[in-house]
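S.K.: Starting off with a structure, shown below.
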Amino acid sequence: MSQAPSTPMSAAPASHPLPSYLQANNLGPWGVYLQQVDRVTPYLGNLSRWVETLKRPKRSLIVDVPIHLDNGTVAHFEGYRVQHNVSRGPGKGGVRFHQDVTLSEVMALSAWMSIKNAAVNVPYGGAKGGIRVDPKTLSRGELERMTRRYTSEIGIIIGPNKDIPAPDVNTDEQIMAWMMDTYSMNQGSTATGVVTGKPVDLGGSLGRREATGRGVFTVGAEAAKHIGMDISTARVAVQGFGNVGGIAGKLFAEAGARVVAVQDHAGTIYREAGLDVPSLLRHVAHTGSVVGFAQAEAIANDLFWEVDCDILIPAALEQQINAGNAGRIKARMIIEGANGPTTPEADDILHDRNVLVLPDVIANAGGVTVSYFEWVQDFSSFFWDEAEINARLVRIMREAFAGIWQVAQDNKVSLRTATFIVACKRILHTRELRGLYP
Ligand code: NAD
């Protein structure tokens, strides 16, 4: 990391100190996010006087989600919806069902959505939601009841003009259909624009399912040109083979790259000559995991990080690349499909080792970009064809990435800091124009 200029501002206005749960503690994603904001503050010029606003989510809701289990007993789950910032438009961000979800994690994910939406310049603030549950332990009926009750509970703060959820880890088109229906029936009329990532037959958009992976591939291909890497001969390793990692892996393989290693929640597989990605996708759809794929060898999970590859795509969970493994990574380029996969310590190690990191806040913005197209199509009830959607997606991603690359060159900073510079300036500019309320 090059040296940041000293803050050109006089001291920030006095604020009440952050409560302990909002403070950086290095332990969780929210602490990582706060460190990222601190790193960018010196580059914000006069707008840095508003930076405190980025360090506090605007609104955080914790809800109890009680449901009848199939065995007749009642179970309670804890759910969250956080709207980090709404200066640029309604809140926007996914809903995660995972046993490790916490308020602090959802706060960080909502903040990264604010940054991401501003980075690609879609007219949204940032939000995120989640339920602390392992959905694999629920029956389909239990999953539906939990999704519907959660939607009713957060219904007081979401809406097509207020906050628009979407899929994230362990949530899919069916969950979005249940959310849309529950919200609509509570309101008394169908409101397709309340969520994105819906089935196409319910107002969803063509191309949405593949959009995040397509965005990962698009910025990866753009960055490769800058560093003289030939995608068609590159070796790729992917962590997480769900919506994001699976599609990104498929697109790289279609471009000629060899996907040599894949890791998911159940294990890691490797094939020097390259995995047959379409067959692997079918295997995962059938069995729920990459483990047991016949045309590959199983390797220890920890060895995944030292696999000989040119491109590494983390597409699972946060803080996977950390001080413990960043020094062993062989890739020249890391494309962050997941949100928050790299800790600040790892960022520094990778920077010193000349590994190019394409940060989540631009690399995985393809999903929210096509979510924006879906929302626009829902409002106008006029639907575009897939070629148009993909062309618009690629154009937005390329233009956003080119601007960020230039800011990184001009300021001699990492692409993460450059993306934060672009995004924070946009957010804080609207903050200044609107005043204190948003
Ligand atoms: P998904 O549920 O479709 O897939 C998640 C994948 O991660 C699965 O293959 C799972 O096995 C794997 N995984 C889970 N725990 C793991 C672990 N401990 N080690 C290794 N692998 C593990 O989820 P997704 O939608 O592909 O989301 C993946 C990441 O991408 C998340 O960080 C999410 O926030 C981010 N993201 C998703 C979207 C989207 O449109 N779906 C958009 C932007 C960012």
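By convention here, the chains of the structure tokens are called A, B, ... in the order presented, each chain's residues are numbered starting at 1, and ligands are numbered starting at 1 in the order presented.
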Write out as a ChimeraX atom specification the residues lying within 10 Å of segment 302-305 of chain A, counting only C-alpha atoms and excluding same-chain residues fewer than 4 positions away.

M.R.: /A:237-239,261-263,267-270,309,312,320-321,325-331

S.K.: What would the file look like if the residues just selected were written as a short mmCIF file (atom, residue, chain, number, x, y, z; two decimals), in the first residue's frame with N, CA, C and O atoms?

M.R.:
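Listed below is the output, selection-v7.cif:
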```cif
data_model
loop_
_atom_site.label_atom_id
_atom_site.label_comp_id
_atom_site.auth_asym_id
_atom_site.auth_seq_id
_atom_site.Cartn_x
_atom_site.Cartn_y
_atom_site.Cartn_z
N ALA A 237 -8.42 -21.16 -10.06
CA ALA A 237 -8.90 -21.89 -8.88
C ALA A 237 -10.09 -21.13 -8.31
O ALA A 237 -10.06 -19.90 -8.21
N VAL A 238 -11.14 -21.86 -7.94
CA VAL A 238 -12.38 -21.21 -7.49
C VAL A 238 -12.79 -21.77 -6.13
O VAL A 238 -12.90 -22.98 -5.95
N GLN A 239 -13.00 -20.86 -5.17
CA GLN A 239 -13.56 -21.29 -3.88
C GLN A 239 -15.03 -20.90 -3.83
O GLN A 239 -15.38 -19.73 -3.95
N ALA A 261 -8.76 -26.17 -9.81
CA ALA A 261 -9.13 -26.54 -8.44
C ALA A 261 -10.43 -25.84 -8.05
O ALA A 261 -10.66 -24.69 -8.42
N VAL A 262 -11.27 -26.57 -7.32
CA VAL A 262 -12.52 -25.99 -6.81
C VAL A 262 -12.71 -26.47 -5.37
O VAL A 262 -12.52 -27.65 -5.05
N GLN A 263 -13.07 -25.52 -4.51
CA GLN A 263 -13.36 -25.86 -3.11
C GLN A 263 -14.78 -25.41 -2.78
O GLN A 263 -15.20 -24.32 -3.19
N GLY A 267 -15.48 -29.83 0.64
CA GLY A 267 -14.14 -30.32 0.32
C GLY A 267 -13.55 -29.63 -0.89
O GLY A 267 -14.12 -28.67 -1.42
N THR A 268 -12.37 -30.17 -1.31
CA THR A 268 -11.61 -29.54 -2.39
C THR A 268 -11.24 -30.58 -3.43
O THR A 268 -10.81 -31.69 -3.07
N ILE A 269 -11.39 -30.22 -4.71
CA ILE A 269 -10.99 -31.15 -5.77
C ILE A 269 -9.98 -30.45 -6.70
O ILE A 269 -9.96 -29.23 -6.80
N TYR A 270 -9.17 -31.27 -7.38
CA TYR A 270 -8.07 -30.74 -8.19
C TYR A 270 -7.90 -31.59 -9.44
O TYR A 270 -8.04 -32.83 -9.40
N CYS A 309 -1.75 -21.63 -9.86
CA CYS A 309 -2.77 -21.07 -10.74
C CYS A 309 -2.42 -19.62 -11.05
O CYS A 309 -1.56 -19.02 -10.40
N LEU A 312 -7.19 -16.61 -8.99
CA LEU A 312 -7.91 -17.21 -7.86
C LEU A 312 -9.22 -16.45 -7.69
O LEU A 312 -9.22 -15.22 -7.64
N GLN A 320 -11.70 -15.30 3.97
CA GLN A 320 -11.09 -16.57 3.60
C GLN A 320 -9.60 -16.39 3.29
O GLN A 320 -8.79 -17.28 3.54
N ILE A 321 -9.23 -15.23 2.74
CA ILE A 321 -7.83 -14.94 2.44
C ILE A 321 -7.32 -14.02 3.55
O ILE A 321 -7.80 -12.89 3.72
N ASN A 325 -2.75 -17.36 5.00
CA ASN A 325 -2.56 -18.02 3.70
C ASN A 325 -2.16 -17.08 2.57
O ASN A 325 -1.77 -17.53 1.49
N ALA A 326 -2.22 -15.75 2.80
CA ALA A 326 -1.96 -14.81 1.70
C ALA A 326 -0.55 -14.97 1.13
O ALA A 326 -0.33 -14.79 -0.08
N GLY A 327 0.42 -15.35 1.97
CA GLY A 327 1.81 -15.49 1.51
C GLY A 327 2.01 -16.72 0.65
O GLY A 327 3.04 -16.84 -0.04
N ARG A 328 1.06 -17.66 0.68
CA ARG A 328 1.24 -18.92 -0.05
C ARG A 328 0.53 -18.92 -1.41
O ARG A 328 0.71 -19.84 -2.21
N ILE A 329 -0.31 -17.91 -1.63
CA ILE A 329 -1.11 -17.89 -2.86
C ILE A 329 -0.22 -17.67 -4.08
O ILE A 329 0.62 -16.76 -4.10
N LYS A 330 -0.40 -18.51 -5.11
CA LYS A 330 0.48 -18.43 -6.29
C LYS A 330 -0.11 -17.57 -7.41
O LYS A 330 0.59 -17.19 -8.33
N ALA A 331 -1.41 -17.29 -7.33
CA ALA A 331 -2.07 -16.56 -8.42
C ALA A 331 -1.47 -15.16 -8.59
O ALA A 331 -1.02 -14.55 -7.62
#
```

S.K.: Can you write out as a tab-separated table which residues of chain A fall within 7 Å of ligand 1, alongside each residue's closest atom pair and its distance in Å to one decimal, counting only C-alpha atoms and all ligand atoms and ordering rows by chain and ascending residue number?

M.R.:
```
residue	atom	partner	partner_atom_place_in_ligand_line	distance
A:Pro167	CA	ligand 1	41 (N)	5.5
A:Asp168	CA	ligand 1	25 (O)	4.4
A:Val169	CA	ligand 1	23 (O)	3.6
A:Asn170	CA	ligand 1	2 (O)	3.9
A:Thr171	CA	ligand 1	2 (O)	6.6
A:Ala211	CA	ligand 1	40 (O)	6.9
A:Thr212	CA	ligand 1	40 (O)	5.1
A:Gln239	CA	ligand 1	21 (N)	5.6
A:Gly240	CA	ligand 1	7 (O)	3.6
A:Phe241	CA	ligand 1	9 (O)	3.7
A:Gly242	CA	ligand 1	4 (O)	3.4
A:Asn243	CA	ligand 1	26 (O)	3.7
A:Val244	CA	ligand 1	26 (O)	3.8
A:Gly245	CA	ligand 1	26 (O)	5.8
A:Gln263	CA	ligand 1	20 (C)	5.5
A:Asp264	CA	ligand 1	21 (N)	3.4
A:His265	CA	ligand 1	22 (C)	3.7
A:Ala266	CA	ligand 1	11 (O)	6.5
A:Ser289	CA	ligand 1	11 (O)	6.3
A:Ala315	CA	ligand 1	29 (C)	4.6
A:Ala316	CA	ligand 1	7 (O)	3.7
A:Leu317	CA	ligand 1	32 (O)	4.5
A:Glu318	CA	ligand 1	32 (O)	6.3
A:Gly337	CA	ligand 1	30 (O)	5.2
A:Ala338	CA	ligand 1	32 (O)	3.4
A:Asn339	CA	ligand 1	32 (O)	4.2
A:Asn364	CA	ligand 1	43 (C)	4.8
A:Ala365	CA	ligand 1	43 (C)	6.1
A:Gly367	CA	ligand 1	40 (O)	4.5
A:Val368	CA	ligand 1	42 (C)	6.7
```

S.K.: List the neighbours of Asn354 of chain A out to 12 Å using only C-alpha atoms; skip same-chain residues closer than 2 positions along the sequence, and give me the result as JSON, numbers by chain.

M.R.: {"A": [1, 227, 326, 327, 329, 330, 331, 332, 333, 334, 347, 348, 349, 350, 351, 352, 356, 357, 414]}

S.K.: How about saving the chosen residues, N, CA, C and O atoms kept, as a CSV table (one decimal), in the first residue's frame?

M.R.:
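Writing done, so here's part.csv:
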```csv
chain,number,residue,atom,x,y,z
A,1,MET,N,0.9,-1.2,0.0
A,1,MET,CA,0.0,0.0,0.0
A,1,MET,C,0.9,1.2,0.0
A,1,MET,O,1.7,1.4,0.9
A,227,ILE,N,-2.5,-6.4,-17.4
A,227,ILE,CA,-1.3,-7.0,-16.9
A,227,ILE,C,-0.7,-8.0,-17.9
A,227,ILE,O,0.2,-8.8,-17.5
A,326,ALA,N,-2.2,-15.8,2.8
A,326,ALA,CA,-2.0,-14.8,1.7
A,326,ALA,C,-0.6,-15.0,1.1
A,326,ALA,O,-0.3,-14.8,-0.1
A,327,GLY,N,0.4,-15.3,2.0
A,327,GLY,CA,1.8,-15.5,1.5
A,327,GLY,C,2.0,-16.7,0.7
A,327,GLY,O,3.0,-16.8,0.0
A,329,ILE,N,-0.3,-17.9,-1.6
A,329,ILE,CA,-1.1,-17.9,-2.9
A,329,ILE,C,-0.2,-17.7,-4.1
A,329,ILE,O,0.6,-16.8,-4.1
A,330,LYS,N,-0.4,-18.5,-5.1
A,330,LYS,CA,0.5,-18.4,-6.3
A,330,LYS,C,-0.1,-17.6,-7.4
A,330,LYS,O,0.6,-17.2,-8.3
A,331,ALA,N,-1.4,-17.3,-7.3
A,331,ALA,CA,-2.1,-16.6,-8.4
A,331,ALA,C,-1.5,-15.2,-8.6
A,331,ALA,O,-1.0,-14.5,-7.6
A,332,ARG,N,-1.5,-14.7,-9.8
A,332,ARG,CA,-1.1,-13.3,-10.1
A,332,ARG,C,-2.3,-12.3,-9.9
A,332,ARG,O,-2.1,-11.1,-9.8
A,333,MET,N,-3.5,-12.9,-10.0
A,333,MET,CA,-4.7,-12.0,-9.9
A,333,MET,C,-5.8,-12.7,-9.1
A,333,MET,O,-6.0,-13.9,-9.2
A,334,ILE,N,-6.4,-12.0,-8.2
A,334,ILE,CA,-7.5,-12.5,-7.4
A,334,ILE,C,-8.7,-11.7,-7.7
A,334,ILE,O,-8.7,-10.5,-7.7
A,347,ASP,N,-4.6,-8.1,2.3
A,347,ASP,CA,-4.5,-7.1,1.2
A,347,ASP,C,-3.0,-6.6,1.2
A,347,ASP,O,-2.5,-6.5,0.1
A,348,ASP,N,-2.5,-6.2,2.3
A,348,ASP,CA,-1.1,-5.7,2.3
A,348,ASP,C,-0.1,-6.7,1.9
A,348,ASP,O,0.8,-6.4,1.1
A,349,ILE,N,-0.2,-7.9,2.3
A,349,ILE,CA,0.7,-9.0,1.9
A,349,ILE,C,0.7,-9.2,0.4
A,349,ILE,O,1.7,-9.3,-0.3
A,350,LEU,N,-0.6,-9.3,-0.1
A,350,LEU,CA,-0.7,-9.5,-1.6
A,350,LEU,C,-0.2,-8.3,-2.4
A,350,LEU,O,0.4,-8.5,-3.4
A,351,HIS,N,-0.4,-7.1,-1.8
A,351,HIS,CA,0.1,-5.9,-2.5
A,351,HIS,C,1.6,-6.0,-2.6
A,351,HIS,O,2.2,-5.7,-3.6
A,352,ASP,N,2.2,-6.3,-1.5
A,352,ASP,CA,3.7,-6.4,-1.4
A,352,ASP,C,4.2,-7.5,-2.4
A,352,ASP,O,5.3,-7.4,-2.9
A,356,LEU,N,-2.4,-8.8,-8.0
A,356,LEU,CA,-3.5,-7.9,-8.3
A,356,LEU,C,-4.8,-8.4,-7.7
A,356,LEU,O,-5.2,-9.5,-8.0
A,357,VAL,N,-5.4,-7.6,-6.9
A,357,VAL,CA,-6.7,-7.9,-6.2
A,357,VAL,C,-7.8,-7.1,-6.9
A,357,VAL,O,-7.8,-5.9,-6.8
A,414,SER,N,-4.3,0.9,-4.3
A,414,SER,CA,-4.8,-0.4,-4.7
A,414,SER,C,-6.2,-0.2,-5.4
A,414,SER,O,-6.8,0.9,-5.2
```

S.K.: List the spatial neighbours of Leu436 of chain A as a list in words - criterion: any atom at most 10 Å away, only C-alpha atoms, same-chain residues fewer than 5 positions off excluded.

M.R.: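 Once the adjacent positions are removed, what remains is Trp50, Thr53, Ser87 and Arg431 of chain A.
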
S.K.: Write out the residues from the selection above, keeping N, CA and C atoms, as a short mmCIF file (atom, residue, chain, number, x, y, z; two decimals), in the first residue's frame.

M.R.:
```
data_model
loop_
_atom_site.label_atom_id
_atom_site.label_comp_id
_atom_site.auth_asym_id
_atom_site.auth_seq_id
_atom_site.Cartn_x
_atom_site.Cartn_y
_atom_site.Cartn_z
N TRP A 50 -17.90 14.40 5.95
CA TRP A 50 -19.13 13.61 6.10
C TRP A 50 -18.84 12.14 6.37
N THR A 53 -20.69 9.46 8.55
CA THR A 53 -21.96 8.90 8.12
C THR A 53 -21.79 7.47 7.57
N SER A 87 -28.63 7.58 0.82
CA SER A 87 -28.45 8.90 0.23
C SER A 87 -28.70 8.90 -1.28
N ARG A 431 -24.93 13.10 -0.09
CA ARG A 431 -25.18 13.45 1.31
C ARG A 431 -25.12 14.97 1.51
#
```

S.K.: Find the spatial neighbours of Asn161 of chain A, counting only C-alpha atoms, within a cut-off of 9 Å - ignore same-chain residues fewer than 3 positions away - and output them as number ranges by chain.

M.R.: A: 89-91, 158, 164, 193-194

S.K.: Taking into account only C-alpha atoms, which residue in the set A:Asp308, A:Asp201, A:Asp64, A:Asp276 is nearest to Ala294 of chain A?

M.R.: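 Using only C-alpha atoms, Ala294 of chain A sits closest to A:Asp276.
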
S.K.: Identify, with DSSP run on backbone atoms, the residues in segment 247-322 of chain A assigned to alpha helix (DSSP H), and express the list as a PDB file with N, CA, C and O atoms, in the first residue's frame.

M.R.:
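Saved as result.pdb:
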```pdb
ATOM      1  N   ILE A 247     -20.834 -20.027 -12.073  1.00  0.00           N
ATOM      2  CA  ILE A 247     -20.985 -19.325 -13.363  1.00  0.00           C
ATOM      3  C   ILE A 247     -19.644 -18.716 -13.792  1.00  0.00           C
ATOM      4  O   ILE A 247     -19.262 -18.789 -14.967  1.00  0.00           O
ATOM      5  N   ALA A 248     -18.919 -18.115 -12.829  1.00  0.00           N
ATOM      6  CA  ALA A 248     -17.618 -17.532 -13.190  1.00  0.00           C
ATOM      7  C   ALA A 248     -16.704 -18.627 -13.739  1.00  0.00           C
ATOM      8  O   ALA A 248     -16.043 -18.447 -14.780  1.00  0.00           O
ATOM      9  N   GLY A 249     -16.663 -19.770 -13.070  1.00  0.00           N
ATOM     10  CA  GLY A 249     -15.828 -20.886 -13.528  1.00  0.00           C
ATOM     11  C   GLY A 249     -16.228 -21.320 -14.933  1.00  0.00           C
ATOM     12  O   GLY A 249     -15.370 -21.570 -15.795  1.00  0.00           O
ATOM     13  N   LYS A 250     -17.532 -21.379 -15.173  1.00  0.00           N
ATOM     14  CA  LYS A 250     -18.023 -21.806 -16.494  1.00  0.00           C
ATOM     15  C   LYS A 250     -17.568 -20.813 -17.581  1.00  0.00           C
ATOM     16  O   LYS A 250     -17.093 -21.219 -18.643  1.00  0.00           O
ATOM     17  N   LEU A 251     -17.689 -19.520 -17.296  1.00  0.00           N
ATOM     18  CA  LEU A 251     -17.326 -18.525 -18.318  1.00  0.00           C
ATOM     19  C   LEU A 251     -15.821 -18.517 -18.580  1.00  0.00           C
ATOM     20  O   LEU A 251     -15.383 -18.371 -19.729  1.00  0.00           O
ATOM     21  N   PHE A 252     -15.015 -18.693 -17.527  1.00  0.00           N
ATOM     22  CA  PHE A 252     -13.567 -18.767 -17.756  1.00  0.00           C
ATOM     23  C   PHE A 252     -13.226 -20.004 -18.587  1.00  0.00           C
ATOM     24  O   PHE A 252     -12.391 -19.941 -19.498  1.00  0.00           O
ATOM     25  N   ALA A 253     -13.880 -21.132 -18.268  1.00  0.00           N
ATOM     26  CA  ALA A 253     -13.601 -22.353 -19.037  1.00  0.00           C
ATOM     27  C   ALA A 253     -14.006 -22.160 -20.493  1.00  0.00           C
ATOM     28  O   ALA A 253     -13.293 -22.575 -21.409  1.00  0.00           O
ATOM     29  N   GLU A 254     -15.149 -21.485 -20.716  1.00  0.00           N
ATOM     30  CA  GLU A 254     -15.587 -21.248 -22.102  1.00  0.00           C
ATOM     31  C   GLU A 254     -14.600 -20.355 -22.861  1.00  0.00           C
ATOM     32  O   GLU A 254     -14.494 -20.437 -24.080  1.00  0.00           O
ATOM     33  N   VAL A 277     -16.004 -28.349 -16.521  1.00  0.00           N
ATOM     34  CA  VAL A 277     -16.894 -27.519 -15.697  1.00  0.00           C
ATOM     35  C   VAL A 277     -18.379 -27.844 -15.894  1.00  0.00           C
ATOM     36  O   VAL A 277     -19.112 -27.983 -14.907  1.00  0.00           O
ATOM     37  N   PRO A 278     -18.865 -28.022 -17.129  1.00  0.00           N
ATOM     38  CA  PRO A 278     -20.290 -28.377 -17.265  1.00  0.00           C
ATOM     39  C   PRO A 278     -20.636 -29.666 -16.523  1.00  0.00           C
ATOM     40  O   PRO A 278     -21.672 -29.747 -15.862  1.00  0.00           O
ATOM     41  N   SER A 279     -19.753 -30.682 -16.588  1.00  0.00           N
ATOM     42  CA  SER A 279     -20.020 -31.933 -15.858  1.00  0.00           C
ATOM     43  C   SER A 279     -20.005 -31.684 -14.366  1.00  0.00           C
ATOM     44  O   SER A 279     -20.825 -32.238 -13.623  1.00  0.00           O
ATOM     45  N   LEU A 280     -19.058 -30.841 -13.911  1.00  0.00           N
ATOM     46  CA  LEU A 280     -18.972 -30.553 -12.472  1.00  0.00           C
ATOM     47  C   LEU A 280     -20.234 -29.824 -11.993  1.00  0.00           C
ATOM     48  O   LEU A 280     -20.756 -30.106 -10.911  1.00  0.00           O
ATOM     49  N   LEU A 281     -20.737 -28.911 -12.816  1.00  0.00           N
ATOM     50  CA  LEU A 281     -21.970 -28.195 -12.434  1.00  0.00           C
ATOM     51  C   LEU A 281     -23.128 -29.175 -12.300  1.00  0.00           C
ATOM     52  O   LEU A 281     -23.944 -29.073 -11.373  1.00  0.00           O
ATOM     53  N   ARG A 282     -23.197 -30.149 -13.197  1.00  0.00           N
ATOM     54  CA  ARG A 282     -24.267 -31.155 -13.110  1.00  0.00           C
ATOM     55  C   ARG A 282     -24.091 -31.990 -11.842  1.00  0.00           C
ATOM     56  O   ARG A 282     -25.056 -32.301 -11.137  1.00  0.00           O
ATOM     57  N   HIS A 283     -22.839 -32.348 -11.528  1.00  0.00           N
ATOM     58  CA  HIS A 283     -22.538 -33.143 -10.327  1.00  0.00           C
ATOM     59  C   HIS A 283     -22.994 -32.375  -9.072  1.00  0.00           C
ATOM     60  O   HIS A 283     -23.621 -32.944  -8.174  1.00  0.00           O
ATOM     61  N   VAL A 284     -22.700 -31.066  -9.031  1.00  0.00           N
ATOM     62  CA  VAL A 284     -23.076 -30.257  -7.864  1.00  0.00           C
ATOM     63  C   VAL A 284     -24.602 -30.141  -7.776  1.00  0.00           C
ATOM     64  O   VAL A 284     -25.185 -30.260  -6.688  1.00  0.00           O
ATOM     65  N   ALA A 285     -25.262 -29.957  -8.917  1.00  0.00           N
ATOM     66  CA  ALA A 285     -26.726 -29.839  -8.910  1.00  0.00           C
ATOM     67  C   ALA A 285     -27.349 -31.131  -8.381  1.00  0.00           C
ATOM     68  O   ALA A 285     -28.370 -31.112  -7.687  1.00  0.00           O
ATOM     69  N   HIS A 286     -26.698 -32.245  -8.680  1.00  0.00           N
ATOM     70  CA  HIS A 286     -27.226 -33.560  -8.314  1.00  0.00           C
ATOM     71  C   HIS A 286     -26.912 -33.932  -6.863  1.00  0.00           C
ATOM     72  O   HIS A 286     -27.746 -34.462  -6.152  1.00  0.00           O
ATOM     73  N   THR A 287     -25.676 -33.630  -6.405  1.00  0.00           N
ATOM     74  CA  THR A 287     -25.217 -34.130  -5.097  1.00  0.00           C
ATOM     75  C   THR A 287     -25.106 -33.037  -4.036  1.00  0.00           C
ATOM     76  O   THR A 287     -24.944 -33.335  -2.857  1.00  0.00           O
TER      77      THR A 287
END
```
